[in-house]
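A.B. asks: Before I ask anything, let me first share the structure, which is written out below as structure tokens.
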Amino acid sequence: MNLRLSFAALAATIFFTSIRHIYRFGSAALLFNLITVVLALLLLWIRARRSTIAAGLYALIGAWVIAGFGIVDALWDGALKLYVRYFFPGAGIFRRSPPRPFGFEAAAILTAAASLFALYYGFRLARTIDRRGRPVFLAVALLVLVGGSAYGISRRTAARGDGVVRIGVIVPTHGPQRPLGRAFVRAVELARDDRATKRRYELVIADSGTTPSEARTAIERLVYKDNVQAIVGGISRSGQIVAPYAAAERIPHLCVCSVASIGDGVYNFTNIPLPEDEATGWMEEAQRRGIRRVAIVAQNYPSIDGHVNALTAEAARRNVGIVYVNRFDATTTDFRPIIKAAREANPDVYVISGFNPALDLLGGQMNAAGIHEVSAVVALAISEKKDLYDGAWYTDSWVDDGLRIEFEARFPDTPFVAHMVPYAYDSFNILADAFESGQDIGSYVRNVTRHRGAAGLIVRSPGGGNFRSRPAVWVIANGNARIEKE
Amino acid sequence: MKRLRWTLIALVMAALLVSAYRIVEQRNRSFFGQDPSASSSMPMH
């Protein structure tokens, strides 16, 4: 009776394990059930001959299945992890794992339960065997069971700190945002190297690419494979995907992103002027220059949408007319009809925005049309042909000159991007302050409401998710951009 | 007695599975929002 029940419980453990492994390896995982056939043959052998060898093999295979798949994989790394991480999220016992479907977790619960039955009936079976028939085999099986479980659990327990702080750096480093991403990574490297620290900091760079799925792959690698303890990121489209991972895994994430909703004030914080800060700064300068009529030609993109909406709202408050608006797609190459329509609205200035190649195509075609009254919120900073915009002005971050000089000397091949570099630099420093303090990292960052750094003074209202700062006015002369007014 | 024991076991298992379903649903919603096409991209092995 015990033999049959033991076999049934082992067969169930193997079956549910194979279902769980379908999610990992596809339908080939069902071949795992062949072990049940082997166990059944051993069972027949035991019954027919009362063979000690067969009993020993049965015990060994049983111990392996129970320890490896039941106790370690299903009970520890499946069911217990699911419940403990949900009810005691701060426990820090288990390794992080990416979100999985219900079927995967349910199979773990069923496997764990079946393996506990297999263990129970296995012991009952061992007790019924004649003492002389309980040779070394059973001792080895016990060793496999206990040793295997202990080893497996130790391998799947959260790694203990080795004193090195791993900080994930996630930005697009290829595609249209490559100039921003490359400057961002360099800025974080510079911040790390500039700072004398008690702890050692390792930067783990991840390319969030150009699509949501690339961003998802990148953040999952940082969080679940590289086990980073904090994240600095850039570009709103990528930050929107990173933020839920940071919140779910309780990892502080400072994002150089202008979409305010990314900052939840708990684990996610944005660190760049919000669109309304940019719009206020831009409108103040526009009014100082006597501008009353504005045309906007801007690419469709989340952070640009924020700037366009904020400019429109601020213009209405200040009685400045937005006389023309065109939103174009990234693939647009012929801007002449748009430029013609904008000109017919007779604006005092053309506010343009976009990423390359569209940005400089637009700039070139405006130049060719004889239009030089160009301005922007930030966008001109990433132009690769600034000579197209001689005389133009735009708002962008204030930048510490010392940082700029150091950056350009150290990375002559990487264009300095004012809209990224100081915030990336300061974001790393805020996180490093937190780690150096020895306090809980999340609590420390939540308490930072002022930071004076490479972007000047940045402030955050208590509980808010956005570090804010005032932009400066930049002008382009002889193909170079410089701060005209702080 | 035996039947009671198995009934209890079945109830515990049902409770575990239902609660796991709710935990997974809540967790995955926090990751992927309302977009059912979004999902984890990390290989499971």
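Order determines the names: the first chain of the structure tokens is A, the second B, and so forth; residues in each chain are numbered 1 upward, and ligands are numbered 1 upward as they are shown.
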Please list as a ChimeraX atom specification every residue within 9 Å of segment 351-366 of chain A, counting only C-alpha atoms and excluding residues in the same chain fewer than 2 positions away.

C.D. replies: /A:176-177,294-301,304,328-336,339,349,368-380,382-386,388-389,394

A.B. asks: Let's have the selection written as a PDB file, in the first residue's frame, with C-alpha atoms.

C.D. replies:
ATOM      1  CA  PRO A 176      17.424  58.187 -32.641  1.00  0.00           C
ATOM      2  CA  GLN A 177      18.118  58.831 -28.947  1.00  0.00           C
ATOM      3  CA  VAL A 294       4.067  81.423 -31.903  1.00  0.00           C
ATOM      4  CA  ALA A 295       4.046  78.554 -34.414  1.00  0.00           C
ATOM      5  CA  ILE A 296       4.809  75.057 -33.154  1.00  0.00           C
ATOM      6  CA  VAL A 297       6.172  72.302 -35.416  1.00  0.00           C
ATOM      7  CA  ALA A 298       6.941  69.252 -33.281  1.00  0.00           C
ATOM      8  CA  GLN A 299       7.358  65.499 -33.583  1.00  0.00           C
ATOM      9  CA  ASN A 300       4.808  63.165 -32.004  1.00  0.00           C
ATOM     10  CA  TYR A 301       6.562  61.792 -28.926  1.00  0.00           C
ATOM     11  CA  ILE A 304       7.512  66.414 -26.698  1.00  0.00           C
ATOM     12  CA  PHE A 328       4.653  65.254 -37.429  1.00  0.00           C
ATOM     13  CA  ASP A 329       5.761  61.625 -37.355  1.00  0.00           C
ATOM     14  CA  ALA A 330       9.386  60.605 -36.854  1.00  0.00           C
ATOM     15  CA  THR A 331       9.536  59.337 -40.434  1.00  0.00           C
ATOM     16  CA  THR A 332       8.643  62.685 -42.026  1.00  0.00           C
ATOM     17  CA  THR A 333      11.252  63.892 -44.534  1.00  0.00           C
ATOM     18  CA  ASP A 334       9.515  66.630 -46.548  1.00  0.00           C
ATOM     19  CA  PHE A 335       8.608  69.544 -44.283  1.00  0.00           C
ATOM     20  CA  ARG A 336       8.079  72.121 -47.024  1.00  0.00           C
ATOM     21  CA  ILE A 339       6.754  75.230 -43.291  1.00  0.00           C
ATOM     22  CA  VAL A 349       8.883  82.666 -33.806  1.00  0.00           C
ATOM     23  CA  ALA A 368      16.503  76.954 -47.015  1.00  0.00           C
ATOM     24  CA  ALA A 369      13.129  78.717 -46.830  1.00  0.00           C
ATOM     25  CA  GLY A 370      14.855  81.722 -45.256  1.00  0.00           C
ATOM     26  CA  ILE A 371      13.345  81.258 -41.810  1.00  0.00           C
ATOM     27  CA  HIS A 372      15.725  82.092 -38.953  1.00  0.00           C
ATOM     28  CA  GLU A 373      13.320  83.021 -36.154  1.00  0.00           C
ATOM     29  CA  VAL A 374      13.678  79.591 -34.594  1.00  0.00           C
ATOM     30  CA  SER A 375      13.367  78.563 -30.992  1.00  0.00           C
ATOM     31  CA  ALA A 376      12.829  75.405 -28.990  1.00  0.00           C
ATOM     32  CA  VAL A 377      12.321  73.863 -25.635  1.00  0.00           C
ATOM     33  CA  VAL A 378      15.493  71.778 -25.302  1.00  0.00           C
ATOM     34  CA  ALA A 379      15.334  70.186 -28.782  1.00  0.00           C
ATOM     35  CA  LEU A 380      18.093  72.255 -30.373  1.00  0.00           C
ATOM     36  CA  ILE A 382      20.537  67.548 -29.555  1.00  0.00           C
ATOM     37  CA  SER A 383      20.947  68.936 -33.045  1.00  0.00           C
ATOM     38  CA  GLU A 384      23.958  67.522 -34.819  1.00  0.00           C
ATOM     39  CA  LYS A 385      24.077  70.541 -37.169  1.00  0.00           C
ATOM     40  CA  LYS A 386      23.877  73.536 -34.887  1.00  0.00           C
ATOM     41  CA  LEU A 388      21.666  75.481 -39.191  1.00  0.00           C
ATOM     42  CA  TYR A 389      20.290  77.450 -36.270  1.00  0.00           C
ATOM     43  CA  TYR A 394      16.098  77.841 -26.626  1.00  0.00           C
TER      44      TYR A 394
END

A.B. asks: Can you tell me, as a list in words, what residues are no more than 9 Å from segment 9-16 of chain B when counting only C-alpha atoms, ignoring any on the same chain fewer than 6 positions away?

C.D. replies: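 Selected residues are Ala106, Ile109, Leu110 and Ala113 of chain A.
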
A.B. asks: Those same residues - C-alpha atoms - I'd like them written as a CSV table (one decimal), in the first residue's frame.

C.D. replies:
chain,number,residue,atom,x,y,z
A,106,ALA,CA,-0.1,27.0,-9.7
A,109,ILE,CA,1.9,24.8,-5.6
A,110,LEU,CA,0.7,21.4,-6.9
A,113,ALA,CA,2.1,19.5,-2.3

A.B. asks: Which is closest to Ile22 of chain A among A:Phe407, A:Tyr86, A:Trp64, A:Phe104, if we use only C-alpha atoms?

C.D. replies: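 Once distances to Ile22 of chain A are computed over only C-alpha atoms, the minimum belongs to A:Phe104.
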
A.B. asks: According to DSSP computed on the backbone, where in segment 230-361 of chain A is there strand (DSSP E or B)? Give the residues as a PyMOL selection string.

C.D. replies: chain A and resi 230-234+253-256+268-271+293-299+321-328+349-353

A.B. asks: Using only C-alpha atoms, find which residues of chain A lie within 8 Å of chain B and jot them down as a PyMOL selection string.

C.D. replies: chain A and resi 23-25+82-83+86+98-102+105-106+109-110+213+216-217+220-221+244-245+248

A.B. asks: List as number ranges by chain the protein and nucleic acid residues near Arg250 of chain A, meaning an atom at most 8 Å away when only C-alpha atoms are counted, but skip any in the same chain fewer than 4 places from it.

C.D. replies: A: 246, 267, 442

A.B. asks: Could you go through segment 206-370 of chain A and tell me which residues DSSP, when run on the backbone, assigns to alpha helix (DSSP H), listing them as a PyMOL selection string?

C.D. replies: chain A and resi 212-220+236-249+275-288+302-318+336-344+358-368

A.B. asks: Pull C-alpha atoms from the residues just selected and write them as a short mmCIF file (atom, residue, chain, number, x, y, z; two decimals), in the first residue's frame.

C.D. replies:
data_model
loop_
_atom_site.label_atom_id
_atom_site.label_comp_id
_atom_site.auth_asym_id
_atom_site.auth_seq_id
_atom_site.Cartn_x
_atom_site.Cartn_y
_atom_site.Cartn_z
CA PRO A 212 8.81 48.78 -25.38
CA SER A 213 9.87 45.15 -25.70
CA GLU A 214 13.55 46.10 -25.88
CA ALA A 215 13.11 48.30 -22.83
CA ARG A 216 11.38 45.44 -21.00
CA THR A 217 14.17 43.02 -21.81
CA ALA A 218 16.76 45.53 -20.61
CA ILE A 219 15.09 46.31 -17.28
CA GLU A 220 14.38 42.64 -16.57
CA SER A 236 10.42 59.04 -20.60
CA ARG A 237 9.38 56.28 -22.95
CA SER A 238 11.87 53.95 -21.32
CA GLY A 239 11.19 55.29 -17.81
CA GLN A 240 7.51 54.45 -18.13
CA ILE A 241 8.42 50.79 -18.55
CA VAL A 242 11.11 50.79 -15.86
CA ALA A 243 8.94 52.44 -13.18
CA PRO A 244 6.59 49.48 -12.41
CA TYR A 245 9.58 47.14 -12.05
CA ALA A 246 11.26 49.55 -9.63
CA ALA A 247 8.07 49.82 -7.57
CA ALA A 248 7.39 46.08 -7.56
CA GLU A 249 10.96 45.16 -6.60
CA PRO A 275 7.18 70.54 -18.97
CA GLU A 276 5.46 73.34 -17.03
CA ASP A 277 8.85 74.48 -15.66
CA GLU A 278 10.20 74.51 -19.21
CA ALA A 279 7.14 76.32 -20.53
CA THR A 280 7.30 78.99 -17.83
CA GLY A 281 11.00 79.62 -18.53
CA TRP A 282 10.43 79.71 -22.29
CA MET A 283 7.44 82.07 -22.10
CA GLU A 284 9.24 84.49 -19.77
CA GLU A 285 12.06 84.77 -22.30
CA ALA A 286 9.64 84.99 -25.24
CA GLN A 287 7.79 87.86 -23.64
CA ARG A 288 11.08 89.58 -22.83
CA PRO A 302 5.54 61.55 -25.23
CA SER A 303 8.05 64.02 -23.78
CA ILE A 304 7.51 66.41 -26.70
CA ASP A 305 3.74 66.13 -26.19
CA GLY A 306 4.34 67.29 -22.63
CA HIS A 307 6.29 70.34 -23.79
CA VAL A 308 3.73 71.26 -26.47
CA ASN A 309 0.82 70.95 -24.06
CA ALA A 310 2.61 72.96 -21.37
CA LEU A 311 3.59 75.70 -23.83
CA THR A 312 0.01 75.93 -25.08
CA ALA A 313 -1.33 76.22 -21.52
CA GLU A 314 1.29 78.81 -20.50
CA ALA A 315 0.65 80.83 -23.68
CA ALA A 316 -3.05 81.02 -22.86
CA ARG A 317 -2.20 82.29 -19.35
CA ARG A 318 0.11 84.99 -20.73
CA ARG A 336 8.08 72.12 -47.02
CA PRO A 337 4.24 72.04 -46.98
CA ILE A 338 4.31 72.34 -43.19
CA ILE A 339 6.75 75.23 -43.29
CA LYS A 340 4.62 76.98 -45.92
CA ALA A 341 1.45 76.62 -43.84
CA ALA A 342 3.26 77.81 -40.70
CA ARG A 343 4.62 80.86 -42.47
CA GLU A 344 1.12 81.80 -43.65
CA ALA A 358 13.75 64.58 -38.49
CA LEU A 359 14.96 67.53 -36.38
CA ASP A 360 17.85 68.57 -38.57
CA LEU A 361 15.91 67.83 -41.77
CA LEU A 362 13.29 70.30 -40.54
CA GLY A 363 15.97 72.78 -39.52
CA GLY A 364 17.67 72.51 -42.91
CA GLN A 365 14.45 73.04 -44.83
CA MET A 366 13.51 76.04 -42.66
CA ASN A 367 16.94 77.49 -43.28
CA ALA A 368 16.50 76.95 -47.01
#

A.B. asks: Identify which of the residues A:Asn447, A:Thr395, A:Ser51, A:Asn466 lies closest to Asp433 of chain A, counting only C-alpha atoms when measuring atom-to-atom distances.

C.D. replies: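 Of all the options, A:Asn447 lies closest to Asp433 of chain A.
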
A.B. asks: What is the distance, in Å and to one decimal place, between atom CA of Leu143 of chain A and atom CA of Gly122 of chain A?

C.D. replies: 14.1 Å
